[in-house]
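Q: Next comes the structure file work-v3.txt, holding compact mmCIF, C-alpha atoms and all ligand atoms.
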# COMPACT_ATOMS: atom_id res chain seq x y z
CA MET A 1 -11.24 -19.01 -20.04
CA LYS A 2 -8.98 -22.06 -20.08
CA HIS A 3 -5.20 -21.54 -20.27
CA GLU A 4 -2.32 -23.93 -20.82
CA ARG A 5 1.28 -23.49 -19.71
CA GLU A 6 2.10 -22.41 -23.28
CA ASP A 7 -0.21 -19.40 -22.92
CA ALA A 8 1.63 -18.28 -19.79
CA LYS A 9 4.98 -18.72 -21.53
CA ARG A 10 3.80 -16.64 -24.46
CA LEU A 11 2.76 -13.83 -22.11
CA ASP A 12 6.24 -13.94 -20.55
CA GLU A 13 7.85 -13.64 -23.99
CA GLN A 14 5.79 -10.52 -24.71
CA ASP A 15 6.44 -9.01 -21.27
CA GLU A 16 8.42 -5.77 -21.46
CA LEU A 17 9.04 -5.87 -17.68
CA LEU A 18 10.48 -9.39 -17.67
CA SER A 19 14.09 -8.27 -17.16
CA PHE A 20 13.27 -6.55 -13.85
CA LYS A 21 12.87 -9.95 -12.21
CA ASN A 22 16.68 -10.31 -12.28
CA GLU A 23 17.00 -7.18 -10.18
CA PHE A 24 15.43 -8.95 -7.19
CA TYR A 25 16.67 -11.58 -4.78
CA THR A 26 14.27 -14.42 -5.49
CA THR A 27 14.72 -17.93 -4.09
CA PRO A 28 14.86 -20.78 -6.62
CA HIS A 29 11.77 -23.03 -6.56
CA THR A 30 9.91 -20.51 -4.45
CA TYR A 31 6.90 -18.57 -5.64
CA TYR A 32 6.66 -15.33 -3.72
CA MET A 33 3.03 -14.18 -3.80
CA ASP A 34 3.21 -11.94 -0.74
CA GLY A 35 4.59 -8.71 -2.23
CA ASN A 36 1.53 -6.91 -0.85
CA SER A 37 2.72 -7.61 2.71
CA LEU A 38 6.49 -7.37 2.35
CA GLY A 39 8.05 -6.78 -1.06
CA LEU A 40 11.32 -8.50 -1.95
CA LEU A 41 14.79 -6.98 -1.74
CA SER A 42 16.23 -5.64 -5.00
CA LYS A 43 19.95 -5.33 -5.67
CA ARG A 44 19.48 -1.59 -6.14
CA SER A 45 17.85 -1.20 -2.71
CA GLU A 46 20.69 -3.16 -1.17
CA GLN A 47 23.15 -0.84 -2.91
CA THR A 48 21.54 2.41 -1.75
CA LEU A 49 21.39 1.07 1.82
CA LEU A 50 25.08 0.18 1.65
CA THR A 51 25.84 3.64 0.27
CA SER A 52 24.23 5.27 3.32
CA LEU A 53 26.28 3.01 5.59
CA GLU A 54 29.41 3.94 3.64
CA ASP A 55 28.54 7.65 3.93
CA TRP A 56 28.32 7.15 7.70
CA LYS A 57 31.62 5.24 7.72
CA GLN A 58 33.40 7.92 5.66
CA HIS A 59 31.80 11.12 6.88
CA GLY A 60 30.35 10.63 10.39
CA ILE A 61 28.13 13.62 11.21
CA GLU A 62 29.03 15.31 7.91
CA GLY A 63 26.97 12.60 6.22
CA TRP A 64 23.94 14.84 6.80
CA THR A 65 25.13 17.21 4.10
CA GLU A 66 28.13 15.52 2.46
CA GLY A 67 28.41 12.02 1.09
CA GLU A 68 26.73 10.47 -1.89
CA GLN A 69 23.17 10.53 -0.49
CA PRO A 70 23.06 13.52 1.92
CA TRP A 71 20.71 12.52 4.73
CA TYR A 72 19.36 16.02 5.42
CA TYR A 73 17.59 16.07 2.04
CA MET A 74 16.75 12.38 1.67
CA SER A 75 13.08 12.58 2.78
CA GLU A 76 12.39 15.37 0.28
CA LYS A 77 14.27 13.57 -2.47
CA LEU A 78 12.25 10.41 -1.84
CA GLY A 79 9.06 12.50 -1.83
CA GLU A 80 9.97 13.89 -5.24
CA MET A 81 10.69 10.39 -6.56
CA THR A 82 7.38 9.06 -5.17
CA ALA A 83 5.23 11.88 -6.57
CA PRO A 84 4.80 10.40 -10.10
CA LEU A 85 3.45 7.17 -8.61
CA ILE A 86 0.51 9.00 -7.05
CA GLY A 87 -0.01 11.88 -9.46
CA ALA A 88 1.23 14.52 -7.03
CA GLN A 89 3.57 17.47 -7.29
CA ALA A 90 6.99 17.02 -5.70
CA HIS A 91 6.37 19.49 -2.86
CA GLU A 92 3.14 17.71 -1.89
CA VAL A 93 4.96 14.51 -0.89
CA ILE A 94 7.38 13.57 1.88
CA ASN A 95 8.90 10.28 2.98
CA THR A 96 8.40 9.94 6.72
CA GLY A 97 6.87 7.89 9.53
CA SER A 98 4.57 4.92 9.15
CA ILE A 99 0.97 4.76 7.97
CA THR A 100 -0.30 4.94 11.51
CA THR A 101 1.93 7.80 12.71
CA ASN A 102 1.29 9.74 9.50
CA LEU A 103 -2.42 9.24 9.94
CA HIS A 104 -2.17 10.59 13.49
CA GLN A 105 -0.26 13.59 12.18
CA LEU A 106 -2.73 14.39 9.42
CA LEU A 107 -5.79 13.84 11.60
CA ALA A 108 -4.25 16.11 14.22
CA THR A 109 -3.83 18.66 11.43
CA PHE A 110 -7.07 18.33 9.45
CA TYR A 111 -9.68 16.92 11.82
CA LYS A 112 -11.15 20.06 13.32
CA PRO A 113 -14.60 19.22 14.74
CA GLU A 114 -16.66 22.40 14.85
CA GLY A 115 -20.33 23.05 15.58
CA ARG A 116 -22.37 20.16 14.17
CA ARG A 117 -19.55 19.07 11.85
CA THR A 118 -17.80 16.57 14.11
CA LYS A 119 -18.04 13.14 12.51
CA ILE A 120 -15.57 11.00 10.62
CA ILE A 121 -16.67 8.52 7.95
CA ALA A 122 -14.61 5.33 7.62
CA ASP A 123 -15.58 1.75 6.81
CA THR A 124 -16.01 -1.57 8.56
CA LEU A 125 -13.45 -3.37 6.37
CA ASN A 126 -10.34 -1.19 6.90
CA PHE A 127 -7.16 -2.39 8.58
CA PRO A 128 -7.48 -2.11 12.39
CA SER A 129 -4.60 0.33 12.85
CA ASP A 130 -6.37 3.02 10.81
CA ILE A 131 -9.51 2.59 12.90
CA TYR A 132 -7.53 2.74 16.16
CA ALA A 133 -5.94 6.00 15.02
CA LEU A 134 -9.33 7.48 14.07
CA LYS A 135 -10.89 6.52 17.39
CA SER A 136 -8.03 7.88 19.46
CA GLN A 137 -8.03 11.19 17.55
CA ILE A 138 -11.78 11.54 18.13
CA GLU A 139 -11.25 10.85 21.83
CA LEU A 140 -8.39 13.36 22.00
CA GLN A 141 -10.97 15.96 20.92
CA GLY A 142 -13.03 15.01 23.98
CA LEU A 143 -15.67 13.26 21.83
CA ASP A 144 -17.19 9.78 22.00
CA ALA A 145 -15.78 7.57 19.24
CA ASN A 146 -18.87 5.34 19.20
CA GLU A 147 -20.95 8.32 18.24
CA HIS A 148 -18.57 10.24 16.01
CA LEU A 149 -16.96 7.48 13.96
CA ILE A 150 -19.35 6.31 11.23
CA GLN A 151 -18.22 3.00 9.72
CA ILE A 152 -19.79 2.13 6.38
CA LYS A 153 -21.01 -1.47 6.31
CA SER A 154 -20.45 -4.01 3.59
CA SER A 155 -23.41 -5.94 2.19
CA ASN A 156 -21.33 -9.07 1.50
CA GLY A 157 -18.49 -8.81 4.03
CA TYR A 158 -15.86 -8.17 1.34
CA THR A 159 -16.59 -5.08 -0.70
CA LEU A 160 -18.02 -1.59 -0.23
CA SER A 161 -20.47 0.36 -2.33
CA GLU A 162 -19.39 3.87 -3.33
CA ASP A 163 -23.07 4.88 -3.26
CA ASP A 164 -23.38 3.78 0.38
CA ILE A 165 -20.32 5.89 1.20
CA ILE A 166 -21.71 8.92 -0.60
CA SER A 167 -25.15 8.53 1.00
CA ALA A 168 -23.57 8.64 4.46
CA MET A 169 -21.98 12.04 3.82
CA ASP A 170 -23.83 14.96 5.41
CA GLU A 171 -23.40 18.31 7.12
CA GLU A 172 -22.23 16.53 10.29
CA THR A 173 -19.27 14.93 8.49
CA ALA A 174 -15.95 16.67 9.06
CA LEU A 175 -13.61 14.16 7.43
CA LEU A 176 -13.56 10.90 5.51
CA LEU A 177 -10.82 8.28 5.55
CA LEU A 178 -10.88 5.22 3.32
CA PRO A 179 -8.43 2.74 1.86
CA SER A 180 -7.80 3.09 -1.89
CA VAL A 181 -7.67 -0.71 -2.17
CA LEU A 182 -9.21 -2.86 0.58
CA TYR A 183 -6.54 -4.99 2.20
CA ARG A 184 -8.59 -8.19 2.27
CA SER A 185 -10.72 -8.27 -0.88
CA GLY A 186 -8.47 -6.11 -3.06
CA GLN A 187 -11.39 -3.87 -4.11
CA LEU A 188 -10.22 -0.60 -5.67
CA LEU A 189 -12.54 2.26 -4.72
CA ASP A 190 -13.43 5.09 -7.08
CA ILE A 191 -11.25 7.73 -5.41
CA GLU A 192 -12.20 10.49 -7.83
CA LYS A 193 -15.96 10.03 -7.44
CA ILE A 194 -15.79 9.77 -3.65
CA THR A 195 -13.60 12.87 -3.41
CA LEU A 196 -15.81 14.91 -5.71
CA ASN A 197 -18.92 14.06 -3.72
CA ALA A 198 -17.26 14.70 -0.37
CA HIS A 199 -16.00 18.10 -1.50
CA LYS A 200 -19.51 19.11 -2.62
CA ARG A 201 -20.46 18.71 1.04
CA GLY A 202 -17.38 20.44 2.47
CA ILE A 203 -15.75 17.24 3.74
CA ILE A 204 -11.96 16.74 3.97
CA VAL A 205 -10.87 13.54 2.20
CA GLY A 206 -7.97 11.27 3.10
CA PHE A 207 -6.95 7.95 1.55
CA ASP A 208 -4.72 5.15 2.77
CA LEU A 209 -2.76 3.91 -0.26
CA ALA A 210 -1.12 0.90 1.47
CA HIS A 211 -2.43 -1.56 -1.14
CA SER A 212 -2.33 0.63 -4.23
CA ILE A 213 0.95 2.56 -4.18
CA GLY A 214 3.41 0.82 -6.48
CA ALA A 215 0.62 -1.37 -7.92
CA LEU A 216 -1.39 1.17 -9.90
CA PRO A 217 -1.34 4.84 -10.92
CA HIS A 218 -3.22 7.58 -9.05
CA GLN A 219 -4.04 11.23 -9.84
CA LEU A 220 -4.32 12.57 -6.29
CA HIS A 221 -3.59 16.20 -7.16
CA ASP A 222 -6.03 16.40 -10.08
CA TRP A 223 -8.71 14.52 -8.16
CA GLY A 224 -8.26 17.05 -5.35
CA VAL A 225 -7.67 14.46 -2.61
CA ASP A 226 -6.76 16.43 0.54
CA PHE A 227 -4.28 14.01 2.07
CA ALA A 228 -2.97 10.46 1.78
CA VAL A 229 -0.69 8.09 3.71
CA TRP A 230 1.08 4.87 2.74
CA CYS A 231 3.79 2.44 3.68
CA THR A 232 6.68 1.49 1.40
CA TYR A 233 7.43 -2.06 2.52
CA LYS A 234 4.55 -3.59 0.49
CA TYR A 235 4.59 -3.05 -3.30
CA LEU A 236 7.39 -0.46 -3.06
CA ASN A 237 9.90 -3.01 -1.70
CA SER A 238 11.68 -0.76 0.82
CA GLY A 239 12.21 -3.54 3.38
CA PRO A 240 10.83 -4.44 6.82
CA GLY A 241 9.78 -1.31 8.66
CA GLY A 242 10.80 0.86 5.68
CA THR A 243 9.86 4.52 6.19
CA GLY A 244 6.37 5.41 4.89
CA GLY A 245 5.11 8.53 3.19
CA LEU A 246 2.41 11.15 3.08
CA TYR A 247 0.82 13.56 0.62
CA VAL A 248 -0.93 16.84 1.36
CA HIS A 249 -2.65 18.76 -1.45
CA GLU A 250 -0.97 22.02 -2.36
CA LYS A 251 -4.04 24.03 -1.27
CA HIS A 252 -3.38 23.03 2.37
CA LEU A 253 0.38 23.57 2.38
CA GLY A 254 1.68 26.23 4.72
CA GLN A 255 -0.69 25.06 7.49
CA LYS A 256 0.92 24.40 10.84
CA PRO A 257 1.24 20.68 11.56
CA GLY A 258 -1.01 19.31 14.31
CA LEU A 259 2.00 17.50 15.76
CA ALA A 260 5.05 19.72 15.40
CA GLY A 261 8.71 18.81 15.75
CA TRP A 262 11.99 20.27 14.62
CA PHE A 263 11.88 18.42 11.28
CA SER A 264 8.59 20.24 10.55
CA SER A 265 10.77 23.33 10.08
CA SER A 266 11.56 25.14 6.93
CA LYS A 267 14.94 23.59 6.12
CA ASP A 268 16.97 26.79 6.15
CA LYS A 269 15.50 27.89 9.50
CA GLN A 270 15.76 24.54 11.30
CA PHE A 271 19.25 25.07 12.67
CA ASP A 272 18.49 28.58 13.94
CA MET A 273 17.11 26.62 16.93
CA GLU A 274 14.31 29.14 17.56
CA HIS A 275 11.43 28.22 19.90
CA ASP A 276 8.85 29.49 17.40
CA LEU A 277 8.47 27.02 14.57
CA THR A 278 8.57 28.24 10.98
CA PRO A 279 6.92 25.29 9.23
CA ALA A 280 8.19 24.15 5.85
CA GLU A 281 6.12 25.40 2.89
CA THR A 282 6.03 21.83 1.60
CA ALA A 283 4.63 18.50 2.82
CA GLY A 284 7.90 18.35 4.75
CA ALA A 285 6.07 20.35 7.45
CA TYR A 286 4.31 17.15 8.50
CA GLN A 287 7.52 15.43 9.53
CA ILE A 288 8.19 15.34 13.26
CA GLY A 289 11.66 14.13 14.28
CA THR A 290 14.92 12.98 12.73
CA PRO A 291 14.35 10.84 9.61
CA HIS A 292 15.08 7.11 9.86
CA ILE A 293 17.86 7.15 7.28
CA LEU A 294 18.75 3.46 7.30
CA SER A 295 15.07 2.56 6.87
CA SER A 296 14.69 5.10 4.05
CA ALA A 297 17.82 4.50 1.99
CA PRO A 298 16.62 1.23 0.38
CA LEU A 299 13.69 3.13 -1.16
CA LEU A 300 16.10 5.28 -3.20
CA GLY A 301 17.18 2.23 -5.21
CA SER A 302 13.69 0.79 -5.38
CA LEU A 303 12.11 3.95 -6.76
CA GLU A 304 14.72 4.03 -9.54
CA ILE A 305 13.28 0.71 -10.68
CA PHE A 306 9.72 2.10 -10.62
CA LYS A 307 10.85 5.08 -12.66
CA GLU A 308 12.42 2.86 -15.30
CA ALA A 309 9.57 0.37 -15.42
CA GLY A 310 6.82 3.02 -15.37
CA ILE A 311 3.72 2.68 -13.22
CA GLU A 312 1.42 2.39 -16.27
CA SER A 313 3.33 -0.67 -17.52
CA ILE A 314 3.36 -2.13 -14.02
CA ARG A 315 -0.41 -1.74 -13.77
CA LYS A 316 -0.94 -3.26 -17.22
CA LYS A 317 1.11 -6.33 -16.33
CA SER A 318 -0.43 -6.58 -12.87
CA LEU A 319 -3.94 -6.70 -14.37
CA GLN A 320 -2.85 -9.40 -16.83
CA LEU A 321 -1.30 -11.42 -13.99
CA THR A 322 -4.35 -11.24 -11.75
CA GLN A 323 -6.63 -11.97 -14.73
CA LEU A 324 -4.62 -15.09 -15.57
CA LEU A 325 -4.70 -16.13 -11.92
CA MET A 326 -8.48 -15.71 -11.72
CA ASP A 327 -9.02 -17.55 -15.02
CA LEU A 328 -6.90 -20.46 -13.79
CA VAL A 329 -8.68 -20.58 -10.43
CA GLN A 330 -12.00 -20.80 -12.27
CA SER A 331 -10.91 -23.41 -14.80
CA GLU A 332 -8.67 -25.60 -12.62
CA LEU A 333 -10.00 -25.30 -9.08
CA HIS A 334 -13.76 -25.07 -9.58
CA GLU A 335 -14.44 -28.34 -7.76
CA TYR A 336 -12.54 -27.42 -4.59
CA GLY A 337 -14.73 -24.77 -3.01
CA PHE A 338 -12.73 -21.57 -3.58
CA ARG A 339 -14.56 -18.28 -3.97
CA ILE A 340 -12.99 -15.21 -5.59
CA THR A 341 -14.06 -12.20 -3.52
CA ASN A 342 -12.15 -9.40 -5.22
CA PRO A 343 -14.14 -7.51 -7.88
CA LEU A 344 -13.55 -9.06 -11.30
CA GLU A 345 -13.51 -5.84 -13.35
CA ASP A 346 -10.13 -4.24 -14.10
CA HIS A 347 -11.10 -0.80 -12.81
CA ARG A 348 -12.35 -2.20 -9.49
CA ARG A 349 -9.49 -4.46 -8.41
CA GLY A 350 -6.02 -3.76 -7.03
CA GLY A 351 -2.91 -5.93 -7.27
CA HIS A 352 -3.97 -9.07 -5.47
CA VAL A 353 -6.49 -11.87 -5.82
CA SER A 354 -8.49 -12.78 -2.75
CA LEU A 355 -9.72 -16.35 -2.37
CA VAL A 356 -12.09 -17.43 0.35
CA HIS A 357 -12.06 -21.04 1.55
CA SER A 358 -13.24 -22.59 4.82
CA GLU A 359 -9.86 -24.36 5.17
CA ALA A 360 -7.80 -21.30 4.17
CA ALA A 361 -5.34 -21.53 7.10
CA SER A 362 -4.35 -25.14 6.48
CA ILE A 363 -4.21 -24.57 2.70
CA CYS A 364 -1.77 -21.69 3.24
CA LYS A 365 0.45 -23.95 5.38
CA ALA A 366 0.41 -26.61 2.65
CA LEU A 367 1.27 -23.96 0.03
CA LYS A 368 4.29 -22.87 2.08
CA GLN A 369 5.47 -26.45 2.32
CA GLU A 370 5.30 -26.65 -1.47
CA GLY A 371 7.33 -23.45 -1.96
CA VAL A 372 4.50 -20.96 -2.49
CA VAL A 373 4.45 -17.94 -0.15
CA PRO A 374 0.81 -16.82 0.14
CA ASP A 375 -0.77 -14.55 2.68
CA PHE A 376 -3.49 -15.62 5.07
CA ARG A 377 -5.98 -13.22 6.61
CA SER A 378 -8.10 -14.66 9.38
CA PRO A 379 -10.54 -16.35 9.31
CA ASP A 380 -10.83 -17.62 5.73
CA VAL A 381 -8.97 -15.45 3.19
CA ILE A 382 -5.97 -16.43 1.06
CA ARG A 383 -4.41 -13.43 -0.66
CA LEU A 384 -2.20 -14.03 -3.68
CA ALA A 385 -0.29 -11.00 -4.95
CA PRO A 386 1.66 -11.54 -8.16
CA ALA A 387 3.90 -8.45 -7.96
CA ALA A 388 4.52 -7.32 -11.55
CA LEU A 389 8.24 -6.58 -11.08
CA TYR A 390 9.25 -10.07 -10.00
CA VAL A 391 6.46 -12.58 -10.69
CA SER A 392 6.11 -14.10 -14.16
CA PHE A 393 3.04 -15.48 -15.90
CA GLU A 394 4.52 -18.96 -15.75
CA ASP A 395 4.95 -18.52 -11.98
CA VAL A 396 1.22 -17.84 -11.73
CA TYR A 397 0.50 -20.97 -13.74
CA ASP A 398 2.76 -23.04 -11.47
CA VAL A 399 1.15 -21.66 -8.31
CA VAL A 400 -2.32 -22.70 -9.43
CA MET A 401 -1.07 -26.16 -10.42
CA ILE A 402 0.59 -26.56 -7.00
CA LEU A 403 -2.65 -25.50 -5.34
CA LYS A 404 -4.58 -28.00 -7.47
CA GLU A 405 -2.23 -30.82 -6.39
CA ILE A 406 -2.69 -29.88 -2.75
CA MET A 407 -6.48 -30.00 -3.06
CA LYS A 408 -6.52 -33.16 -5.17
CA ASP A 409 -4.25 -35.05 -2.74
CA LYS A 410 -5.76 -33.33 0.34
CA LYS A 411 -2.25 -32.37 1.50
CA HIS A 412 -3.68 -29.51 3.58
CA LYS A 413 -5.39 -32.07 5.84
CA ASN A 414 -1.95 -32.65 7.42
CA PHE A 415 -2.08 -29.16 8.93
CA SER A 416 -4.34 -27.59 11.53
CA ASN A 417 -6.73 -24.96 10.24
CA GLN A 418 -5.44 -22.35 12.76
CA ARG A 419 -3.44 -19.23 12.08
CA GLY A 420 0.20 -18.83 13.22
CA THR A 421 1.47 -15.80 15.19
CA ILE A 422 1.72 -13.62 12.11
CA ALA A 423 -1.19 -13.75 9.66
C1 LIG B 501 -0.15 -2.38 6.02
C2 LIG B 501 -1.20 -1.46 6.48
C3 LIG B 501 -1.02 -0.67 7.63
C4 LIG B 501 0.22 -0.76 8.48
O1 LIG B 501 0.47 0.46 9.14
P1 LIG B 501 1.94 0.81 9.67
O2 LIG B 501 1.74 1.98 10.51
O3 LIG B 501 2.81 1.04 8.46
O4 LIG B 501 2.42 -0.38 10.45
C5 LIG B 501 -2.03 0.22 7.97
N1 LIG B 501 -3.15 0.32 7.24
C6 LIG B 501 -3.35 -0.43 6.12
C7 LIG B 501 -4.62 -0.27 5.34
C8 LIG B 501 -2.40 -1.35 5.74
O5 LIG B 501 -2.62 -2.12 4.67
Would you write out, as structure tokens, the structure that this file holds?
Ligand SMILES: *Cc1c(COP(=O)(O)O)cnc(C)c1O

A:
Amino acid sequence: MKHEREDAKRLDEQDELLSFKNEFYTTPHTYYMDGNSLGLLSKRSEQTLLTSLEDWKQHGIEGWTEGEQPWYYMSEKLGEMTAPLIGAQAHEVINTGSITTNLHQLLATFYKPEGRRTKIIADTLNFPSDIYALKSQIELQGLDANEHLIQIKSSNGYTLSEDDIISAMDEETALLLLPSVLYRSGQLLDIEKITLNAHKRGIIVGFDLAHSIGALPHQLHDWGVDFAVWCTYKYLNSGPGGTGGLYVHEKHLGQKPGLAGWFSSSKDKQFDMEHDLTPAETAGAYQIGTPHILSSAPLLGSLEIFKEAGIESIRKKSLQLTQLLMDLVQSELHEYGFRITNPLEDHRRGGHVSLVHSEAASICKALKQEGVVPDFRSPDVIRLAPAALYVSFEDVYDVVMILKEIMKDKKHKNFSNQRGTIA
């Protein structure tokens, strides 16, 4: 479908989330399309971070229980605020750790190889850190990772087939870990169908929500997903190294954490300083040490924005943005050799568009020079994430026109087609 600038402007006029853009620190004449790697700072996140600093300034150690945002309860409060974004109950969610440390914690808790049931199903397209964690947990059990980690292959190098995943499940599978949205192609997997089929075969199911949390709604509790992990610095805009989160289904709560620490304690027992742990009855049991308050506080402000905007409205706008982007790529860039590798259907794509091009690295450098912040994934993928809270439809139009100019004038030929240190 062909679109003019006027169409994009009309979509902006009808956009009920338009005003949220003013809540973020955006740079004039810059198009930030990398909210799926590091979301932008909002004024509210800045404020809640400053409040925690002020609490420290005013109260010293008493800041744990006094002050405006008492630190002792912050992880639980953030868990409660995150729960609606993933369709969980408040006590099933805690803000803690990073994706990788949370994955280690939950594998140490739920991966219990026994008899013939020793294998883990993952995929060949997941982010390396998840695979490293899986392999090291298998090896910690004294097993060979080459034999016990089953990685589902992709027929085209970009997407996975749910049927292939389901066919690989058998009585030797102990656990399954998959991304909700694939980090490269942006494919959204059918979490409900995969979970249902895994449970029929007695398999524990975990999902990594790195590329879906804050971009689309989930119903983890109703779908029966056993556990999930995510980071908060991508679509949730908590800042570099912002504290991540985890979810454990209610039916598993009360289980001792695989990796215990004093913050795994029930909160009223923690300061009894006993050497026998009484784990929290909530997902809080899967915390280990002292929470990283200054890396968590920005999320308080950010989640207020998500509450006001509503995840359903965010998803609706996100789908419109990525649809417009794909339409424009097809109508304006068809002669320049780009290939869209994310699924085109609404129910199968996440929040970003994934373009493959043999000169992707140099095109990304040219985009940066022209004020567009894309994301490059080696060797040939350009990811463009129009984050619904701070990217407008007209921005998307401009980005495609800038890209068209680059290709028409061959501006990318001024750059080497090699990646930099990061991405
Ligand atoms: C971003 C991302 C990570 C990063 O893990 P951290 O432990 O937060 O550094 C891991 N897995 C996936 C799928 C990601 O997208």

Q: CA of Leu85 (chain A) and CA of Glu16 (chain A), how far apart in Å?

A: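 Taking CA of Glu16 (chain A) and CA of Leu85 (chain A), their separation equals 18.9 Å.
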
Q: Quick one: of A:Ala366, A:Val329, A:Leu53, A:Leu149, who's nearest to Ser354 (chain A), counting all atoms listed in the file?

A: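 Of the candidates, the smallest distance to Ser354 (chain A) is held by A:Val329.
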
Q: With a cut-off of 10 Å, could you pull out the residues of region 251-349 of chain A touching region 206-225 of chain A and give me the nearest pair of atoms for each, distance in Å to one decimal, using only C-alpha atoms, ordered by chain and ascending number, as a Markdown table?

A:
| residue | atom | partner | partner_atom | distance |
| --- | --- | --- | --- | --- |
| A:Lys251 | CA | A:Gly224 | CA | 9.1 |
| A:Leu303 | CA | A:Gly214 | CA | 9.3 |
| A:Phe306 | CA | A:Gly214 | CA | 7.7 |
| A:Gly310 | CA | A:Pro217 | CA | 9.5 |
| A:Ile311 | CA | A:Pro217 | CA | 6.0 |
| A:Glu312 | CA | A:Pro217 | CA | 6.5 |
| A:Ser313 | CA | A:Leu216 | CA | 9.2 |
| A:Ile314 | CA | A:Ala215 | CA | 6.7 |
| A:Arg315 | CA | A:Leu216 | CA | 4.9 |
| A:Lys316 | CA | A:Leu216 | CA | 8.6 |
| A:Lys317 | CA | A:Ala215 | CA | 9.8 |
| A:Ser318 | CA | A:Ala215 | CA | 7.3 |
| A:Leu319 | CA | A:Leu216 | CA | 9.4 |
| A:Arg349 | CA | A:Ser212 | CA | 9.7 |

Q: Under the rule that all atoms listed in the file are counted, which of A:Ser180, A:Gln69, A:Ser155, A:Asn146 is the nearest residue to ligand LIG 501 (chain B)?

A: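 Under the stated criterion, the closest residue is A:Ser180.
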
Q: Kindly provide, as a VMD selection string, all nucleotide and amino acid residues lying within 8 Å of ligand LIG 501 (chain B), counting only C-alpha atoms and all ligand atoms.

A: chain A and resid 37 97 to 102 126 to 130 179 182 to 183 208 to 211 230 to 231 234 241 244

Q: Would you write out those residues with C-alpha atoms, as a compact mmCIF listing (two decimals), keeping the file's coordinate frame?

A:
# COMPACT_ATOMS: atom_id res chain seq x y z
CA SER A 37 2.72 -7.61 2.71
CA GLY A 97 6.87 7.89 9.53
CA SER A 98 4.57 4.92 9.15
CA ILE A 99 0.97 4.76 7.97
CA THR A 100 -0.30 4.94 11.51
CA THR A 101 1.93 7.80 12.71
CA ASN A 102 1.29 9.74 9.50
CA ASN A 126 -10.34 -1.19 6.90
CA PHE A 127 -7.16 -2.39 8.58
CA PRO A 128 -7.48 -2.11 12.39
CA SER A 129 -4.60 0.33 12.85
CA ASP A 130 -6.37 3.02 10.81
CA PRO A 179 -8.43 2.74 1.86
CA LEU A 182 -9.21 -2.86 0.58
CA TYR A 183 -6.54 -4.99 2.20
CA ASP A 208 -4.72 5.15 2.77
CA LEU A 209 -2.76 3.91 -0.26
CA ALA A 210 -1.12 0.90 1.47
CA HIS A 211 -2.43 -1.56 -1.14
CA TRP A 230 1.08 4.87 2.74
CA CYS A 231 3.79 2.44 3.68
CA LYS A 234 4.55 -3.59 0.49
CA GLY A 241 9.78 -1.31 8.66
CA GLY A 244 6.37 5.41 4.89

Q: Would you place a box with edges along x, y and z of the file around all atoms of region 69-72 of chain A listed there, add 8 Å to each of its six sides, and report the centre and edge lengths in Å to one decimal, as lines of an AutoDock Vina configuration file?

A:
center_x = 21.3
center_y = 13.3
center_z = 2.5
size_x = 19.8
size_y = 21.5
size_z = 21.9

Q: Between A:Ile61, A:Leu40, A:Leu236, A:Ala198, which is the closest to Lys307 (chain A) once you count all atoms listed in the file?

A: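 Ranking A:Ile61, A:Leu40, A:Leu236, A:Ala198 by distance to Lys307 (chain A), first place goes to A:Leu236.
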
Q: With only C-alpha atoms as the basis for distance, which of A:Ala283, A:Leu11, A:Leu107, A:Leu143 is at the shortest distance from Leu177 (chain A)?

A: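 Between A:Ala283, A:Leu11, A:Leu107, A:Leu143, the residue approaching Leu177 (chain A) most closely is A:Leu107.
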
Q: I want to know what sits within 12 Å of Ser295 (chain A), based on only C-alpha atoms, with residues of the same chain fewer than 5 positions away left out; could you give that as a ChimeraX atom specification?

A: /A:45-46,48-50,52-53,71,74-75,95-98,231-233,237-244,290,300

Q: Of the residues A:Ile150, A:Leu176, A:Leu253, A:Glu171, which is the one nearest to Gln89 (chain A), using only C-alpha atoms?

A: A:Leu253
